[in-house]
Structure formats: structure tokens, C-alpha cells
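For reference, protein.tsv (TSV, C-alpha atoms and all ligand atoms):
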chain	number	residue	atom	x	y	z
V	13	MET	CA	-24.46	63.35	-130.03
V	14	VAL	CA	-21.53	65.54	-129.20
V	15	SER	CA	-19.98	67.30	-132.16
V	16	PHE	CA	-16.40	68.44	-132.12
V	17	GLY	CA	-16.77	70.69	-135.16
V	18	CYS	CA	-13.47	72.17	-136.22
V	19	ASN	CA	-11.59	70.12	-133.64
V	20	GLU	CA	-11.57	67.18	-136.01
V	21	LYS	CA	-9.23	68.98	-138.39
V	22	ILE	CA	-6.58	69.53	-135.69
V	23	PRO	CA	-3.93	66.78	-135.70
V	24	PRO	CA	-3.45	64.90	-132.39
V	25	PHE	CA	-0.12	66.59	-131.92
V	26	SER	CA	1.76	69.31	-133.75
V	27	ALA	CA	3.33	68.55	-137.12
V	28	SER	CA	6.79	69.66	-135.99
V	29	ARG	CA	6.63	67.27	-133.06
V	30	ARG	CA	5.59	64.40	-135.31
V	31	ALA	CA	8.48	65.19	-137.67
V	32	ARG	CA	10.90	65.25	-134.76
V	33	GLU	CA	9.74	61.84	-133.57
V	34	LYS	CA	9.78	60.44	-137.08
V	35	SER	CA	13.36	61.56	-137.63
V	36	ARG	CA	14.41	59.68	-134.52
V	37	GLY	CA	13.21	56.45	-136.07
V	38	SER	CA	10.57	54.20	-134.56
V	39	LEU	CA	8.80	55.18	-131.38
V	40	ALA	CA	9.59	51.85	-129.80
V	41	MET	CA	12.80	51.61	-127.80
V	42	LYS	CA	14.65	48.33	-127.47
V	43	ILE	CA	16.32	47.79	-124.13
V	44	PRO	CA	18.65	44.85	-123.38
V	45	LYS	CA	18.27	42.68	-120.26
V	46	THR	CA	21.84	43.22	-119.10
V	47	THR	CA	24.53	45.76	-119.78
V	48	LYS	CA	28.05	46.61	-118.71
V	49	ARG	CA	28.30	49.93	-116.98
V	50	TYR	CA	30.09	51.71	-114.17
V	51	CYS	CA	29.10	50.81	-110.60
V	52	PRO	CA	30.04	53.52	-108.09
V	53	TYR	CA	29.95	51.01	-105.21
V	54	CYS	CA	32.37	48.57	-106.87
V	55	LYS	CA	34.20	51.49	-108.49
V	56	ALA	CA	34.49	49.45	-111.67
V	57	LYS	CA	32.59	48.47	-114.77
V	58	THR	CA	30.35	45.54	-113.91
V	59	LYS	CA	27.52	43.53	-115.48
V	60	GLN	CA	24.21	45.07	-114.50
V	61	LYS	CA	20.65	43.87	-114.84
V	62	ILE	CA	18.10	46.24	-116.33
V	63	LYS	CA	14.62	46.56	-114.91
V	64	LEU	CA	11.93	48.72	-116.44
V	65	VAL	CA	10.16	50.78	-113.81
V	66	SER	CA	6.80	52.28	-114.59
V	67	THR	CA	6.83	56.00	-115.17
V	68	GLY	CA	4.65	58.32	-113.18
V	69	ALA	CA	2.93	57.79	-109.86
V	70	LYS	CA	-0.23	55.78	-109.49
V	71	ARG	CA	-3.39	57.67	-108.58
V	72	GLY	CA	-4.38	57.23	-104.95
V	73	ALA	CA	-7.52	55.13	-104.50
V	74	LEU	CA	-9.18	57.31	-101.89
V	75	LYS	CA	-7.55	60.64	-102.65
V	76	ARG	CA	-9.49	63.62	-103.94
V	77	GLY	CA	-10.10	63.28	-107.63
V	78	SER	CA	-10.29	59.53	-107.52
V	79	LYS	CA	-13.25	57.78	-109.06
V	80	GLN	CA	-13.55	55.37	-106.17
V	81	ARG	CA	-13.81	58.14	-103.60
V	82	ALA	CA	-16.38	60.00	-105.68
V	83	ARG	CA	-18.50	56.87	-105.90
V	84	LEU	CA	-18.36	56.38	-102.16
V	85	ARG	CA	-19.56	59.95	-101.77
V	86	GLY	CA	-22.62	59.32	-103.88
V	87	LYS	CA	-21.44	60.43	-107.30
V	88	ASN	CA	-21.93	58.26	-110.36
V	89	ARG	CA	-24.76	56.42	-108.63
V	90	GLY	CA	-28.37	55.98	-109.67
V	91	ILE	CA	-30.10	56.29	-113.02
V	92	GLY	CA	-30.46	59.03	-115.61
V	93	ASN	CA	-28.09	61.66	-116.84
V	94	LEU	CA	-25.45	62.32	-114.20
V	95	GLY	CA	-23.63	64.98	-116.20
V	96	LYS	CA	-19.90	64.40	-116.27
V	97	TRP	CA	-20.33	61.01	-114.65
V	98	SER	CA	-22.37	59.83	-117.63
V	99	LYS	CA	-19.58	60.58	-120.06
V	100	PRO	CA	-16.77	58.23	-121.04
V	101	ALA	CA	-13.25	58.73	-119.75
V	102	GLN	CA	-11.56	61.94	-120.92
V	103	SER	CA	-8.86	59.99	-122.71
V	104	LYS	CA	-11.50	58.27	-124.80
V	105	PHE	CA	-12.62	61.36	-126.62
V	106	LYS	CA	-10.02	63.98	-125.83
V	107	ARG	CA	-6.79	63.72	-127.72
V	108	LYS	CA	-3.59	63.70	-125.75
V	109	SER	CA	-0.86	66.13	-126.71
V	110	LYS	CA	1.96	63.90	-125.61
V	111	THR	CA	2.41	60.54	-127.28
V	112	THR	CA	5.63	59.47	-125.63
V	113	LYS	CA	6.90	58.98	-122.11
V	114	LYS	CA	10.33	59.15	-120.58
V	115	THR	CA	11.93	55.83	-119.73
V	116	ASN	CA	12.65	54.90	-116.14
V	117	ILE	CA	15.32	52.23	-115.90
V	118	MET	CA	16.79	50.59	-112.80
V	119	TYR	CA	20.25	49.09	-112.99
V	120	THR	CA	21.16	46.34	-110.50
V	121	CYS	CA	24.82	45.42	-110.14
V	122	GLU	CA	25.33	41.68	-110.27
V	123	LYS	CA	28.51	41.91	-108.20
V	124	CYS	CA	27.33	43.89	-105.15
V	125	GLY	CA	23.58	43.68	-105.67
V	126	LYS	CA	23.03	47.41	-105.32
V	127	SER	CA	20.64	49.26	-107.59
V	128	ARG	CA	20.57	52.70	-109.13
V	129	TYR	CA	18.16	54.55	-111.34
V	130	GLN	CA	19.23	55.96	-114.65
V	131	LYS	CA	20.27	59.61	-114.56
V	132	LYS	CA	18.07	60.92	-117.29
V	133	GLY	CA	15.12	59.32	-119.07
V	134	GLN	CA	14.77	59.32	-122.83
V	135	ARG	CA	11.48	59.87	-124.57
V	136	ALA	CA	10.05	56.73	-126.16
V	137	GLY	CA	6.66	55.56	-127.25
V	138	LYS	CA	7.14	51.96	-126.28
V	139	GLN	CA	9.80	50.07	-124.40
V	140	ILE	CA	10.68	46.55	-125.45
V	141	GLN	CA	13.04	44.52	-123.29
V	142	GLU	CA	14.85	41.83	-125.20
Q	1	ZN	ZN	28.49	46.93	-107.87
Could you write out this structure as C-alpha cells?
Amino acid sequence: MVSFGCNEKIPPFSASRRAREKSRGSLAMKIPKTTKRYCPYCKAKTKQKIKLVSTGAKRGALKRGSKQRARLRGKNRGIGNLGKWSKPAQSKFKRKSKTTKKTNIMYTCEKCGKSRYQKKGQRAGKQIQE
């Protein structure tokens, strides 16, 4: 049994950060399906579709640090205690400092069909597209 001792008294993230996020309202962010905004190709305000794009890059399957590659190289195989390979995922027992992610939105112009990413992402816990 692994004991965390004093770690259990530490909140998952700092109190000031929690207060900041609380003051902003709910962590969920509602995003409409379409919006009217400026299209630099049409040089006018047009109706644009909104697509939520996942934030962050996916981990490469056979890159260094991947679980699949490690397994192919003989780690996490066999019986008995395999040290770090016998433990659950880090996220399962280690608390994350960041609870929100920046949004990544793609706007597609319905007139010319060209797409652009948003300039700057906003922090949000959850994105809900209506
Ligand atoms: Zn356009």
C-alpha cells in the first residue's frame, strides 16, 4: 500500500486558481454551431461553421516514451513485480495541476468554403457545442 502522507492535505490545484475559475462562472463553455464573423477571403462578414478541434498532439504510437514501443521492447511483459510497469497510470494517482484546457476552434466560411483557426484559445474545462 502506497501512502501519500501529507500529500493528501494539498488541494488538487491552488486556492487562488480555483477562485479565479469560480469567478468566471462554470467551467463548461458553450459554443454555437454557426456564427457570423469576418472572412478575410470574402472581405466581409459571413456565416461560418464552427468545428471543435482537439487540443494538443496525439502521442506517437512507436515513438520513445510510448507504451506500445516499450512493450515491443520487452517491458511490461511477464509475471511478478515489474516496478513502474506494475503501477497504474500516473494520472490515476497523481493529481494534475491544470484542470482546464485552451479551446481550439476552426471556422469554415459557408460562402467560400475556406477555413481558419481561431486566433487565441480561451481556457475552459469543458466545451459544449449546441
Ligand atoms: Zn469566405
With all atoms listed in the file counted and 12 Å as the cut-off, give the residues of chain V in contact with ligand ZN 1 (chain Q), each with its shortest interatomic distance in Å and the pair that gives it, as CSV.
residue,atom,partner,partner_atom,distance
V:Lys48,CA,Q:ZN1,ZN,10.9
V:Arg49,CA,Q:ZN1,ZN,9.6
V:Tyr50,CA,Q:ZN1,ZN,8.1
V:Cys51,CA,Q:ZN1,ZN,4.8
V:Pro52,CA,Q:ZN1,ZN,6.8
V:Tyr53,CA,Q:ZN1,ZN,5.1
V:Cys54,CA,Q:ZN1,ZN,4.3
V:Lys55,CA,Q:ZN1,ZN,7.3
V:Ala56,CA,Q:ZN1,ZN,7.5
V:Lys57,CA,Q:ZN1,ZN,8.2
V:Thr58,CA,Q:ZN1,ZN,6.5
V:Lys59,CA,Q:ZN1,ZN,8.4
V:Gln60,CA,Q:ZN1,ZN,8.1
V:Lys61,CA,Q:ZN1,ZN,10.9
V:Tyr119,CA,Q:ZN1,ZN,9.9
V:Thr120,CA,Q:ZN1,ZN,7.8
V:Cys121,CA,Q:ZN1,ZN,4.6
V:Glu122,CA,Q:ZN1,ZN,6.6
V:Lys123,CA,Q:ZN1,ZN,5.0
V:Cys124,CA,Q:ZN1,ZN,4.2
V:Gly125,CA,Q:ZN1,ZN,6.3
V:Lys126,CA,Q:ZN1,ZN,6.0
V:Ser127,CA,Q:ZN1,ZN,8.2
V:Arg128,CA,Q:ZN1,ZN,9.9
Problem - Radius query 9 Å about (5.3, 62.9, -114.3), atoms used: only C-alpha atoms, as a list of chain:residue names - result: V:Thr67, V:Gly68, V:Ala69, V:Lys113, V:Lys114
Exercise for the section: Go ahead and find all residues with at least one atom no further than 9 Å from (13.0, 57.6, -124.9) in the file's coordinates, using only C-alpha atoms; report them as an NGL selection string. Expected result: :V and (39-41 or 112-115 or 133-139)
Polymer residues at most 8 Å from Lys45 in chain V, all atoms listed in the file, same-chain spacing of 4 or more positions, as a short mmCIF file (atom, residue, chain, number, x, y, z; two decimals) with C-alpha atoms, in the frame of the given file:
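So selection.cif came out as:
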data_model
loop_
_atom_site.label_atom_id
_atom_site.label_comp_id
_atom_site.auth_asym_id
_atom_site.auth_seq_id
_atom_site.Cartn_x
_atom_site.Cartn_y
_atom_site.Cartn_z
CA LYS V 61 20.65 43.87 -114.84
CA ILE V 62 18.10 46.24 -116.33
CA LYS V 63 14.62 46.56 -114.91
CA GLN V 141 13.04 44.52 -123.29
CA GLU V 142 14.85 41.83 -125.20
#
Handout entry: Gap from CA of Lys132 in chain V to CA of Pro44 in chain V - Å, one decimal
Key =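 According to the coordinates, CA of Lys132 in chain V and CA of Pro44 in chain V are separated by 17.2 Å.
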Exercise for the section: Give me, please, the distance in Å between CA of Thr46 in chain V and CA of Met118 in chain V, quoted to one decimal. Expected result: 10.9 Å
Completion exercise
As a check of understanding: the span from CA of Val65 in chain V to CA of Tyr129 in chain V is 9.2 Å
Place N, CA and C atoms on range 117-132 of chain V and deliver the coordinates as a JSON list (two decimals), in the frame of the given file.
[["chain", "number", "residue", "atom", "x", "y", "z"],
["V", 117, "ILE", "N", 14.60, 53.51, -115.94],
["V", 117, "ILE", "CA", 15.32, 52.23, -115.90],
["V", 117, "ILE", "C", 16.07, 52.10, -114.58],
["V", 118, "MET", "N", 16.03, 50.88, -114.01],
["V", 118, "MET", "CA", 16.79, 50.59, -112.80],
["V", 118, "MET", "C", 17.89, 49.60, -113.13],
["V", 119, "TYR", "N", 19.10, 49.96, -112.76],
["V", 119, "TYR", "CA", 20.25, 49.09, -112.99],
["V", 119, "TYR", "C", 20.64, 48.41, -111.68],
["V", 120, "THR", "N", 20.75, 47.08, -111.69],
["V", 120, "THR", "CA", 21.16, 46.34, -110.50],
["V", 120, "THR", "C", 22.49, 45.66, -110.79],
["V", 121, "CYS", "N", 23.48, 45.99, -109.97],
["V", 121, "CYS", "CA", 24.82, 45.42, -110.14],
["V", 121, "CYS", "C", 24.80, 43.95, -109.73],
["V", 122, "GLU", "N", 25.35, 43.11, -110.57],
["V", 122, "GLU", "CA", 25.33, 41.68, -110.27],
["V", 122, "GLU", "C", 26.43, 41.31, -109.28],
["V", 123, "LYS", "N", 27.38, 42.20, -109.10],
["V", 123, "LYS", "CA", 28.51, 41.91, -108.20],
["V", 123, "LYS", "C", 28.15, 42.25, -106.75],
["V", 124, "CYS", "N", 27.63, 43.48, -106.52],
["V", 124, "CYS", "CA", 27.33, 43.89, -105.15],
["V", 124, "CYS", "C", 25.83, 43.88, -104.86],
["V", 125, "GLY", "N", 25.03, 43.77, -105.88],
["V", 125, "GLY", "CA", 23.58, 43.68, -105.67],
["V", 125, "GLY", "C", 22.90, 45.01, -105.43],
["V", 126, "LYS", "N", 23.63, 46.09, -105.55],
["V", 126, "LYS", "CA", 23.03, 47.41, -105.32],
["V", 126, "LYS", "C", 22.41, 47.94, -106.60],
["V", 127, "SER", "N", 21.37, 48.75, -106.43],
["V", 127, "SER", "CA", 20.64, 49.26, -107.59],
["V", 127, "SER", "C", 20.70, 50.77, -107.67],
["V", 128, "ARG", "N", 20.62, 51.24, -108.90],
["V", 128, "ARG", "CA", 20.57, 52.70, -109.13],
["V", 128, "ARG", "C", 19.61, 52.96, -110.28],
["V", 129, "TYR", "N", 19.01, 54.14, -110.22],
["V", 129, "TYR", "CA", 18.16, 54.55, -111.34],
["V", 129, "TYR", "C", 19.02, 55.21, -112.39],
["V", 130, "GLN", "N", 18.51, 55.25, -113.60],
["V", 130, "GLN", "CA", 19.23, 55.96, -114.65],
["V", 130, "GLN", "C", 19.19, 57.45, -114.34],
["V", 131, "LYS", "N", 20.16, 58.18, -114.86],
["V", 131, "LYS", "CA", 20.27, 59.61, -114.56],
["V", 131, "LYS", "C", 19.16, 60.39, -115.24],
["V", 132, "LYS", "N", 18.99, 60.12, -116.52],
["V", 132, "LYS", "CA", 18.07, 60.92, -117.29],
["V", 132, "LYS", "C", 17.26, 60.01, -118.22]]
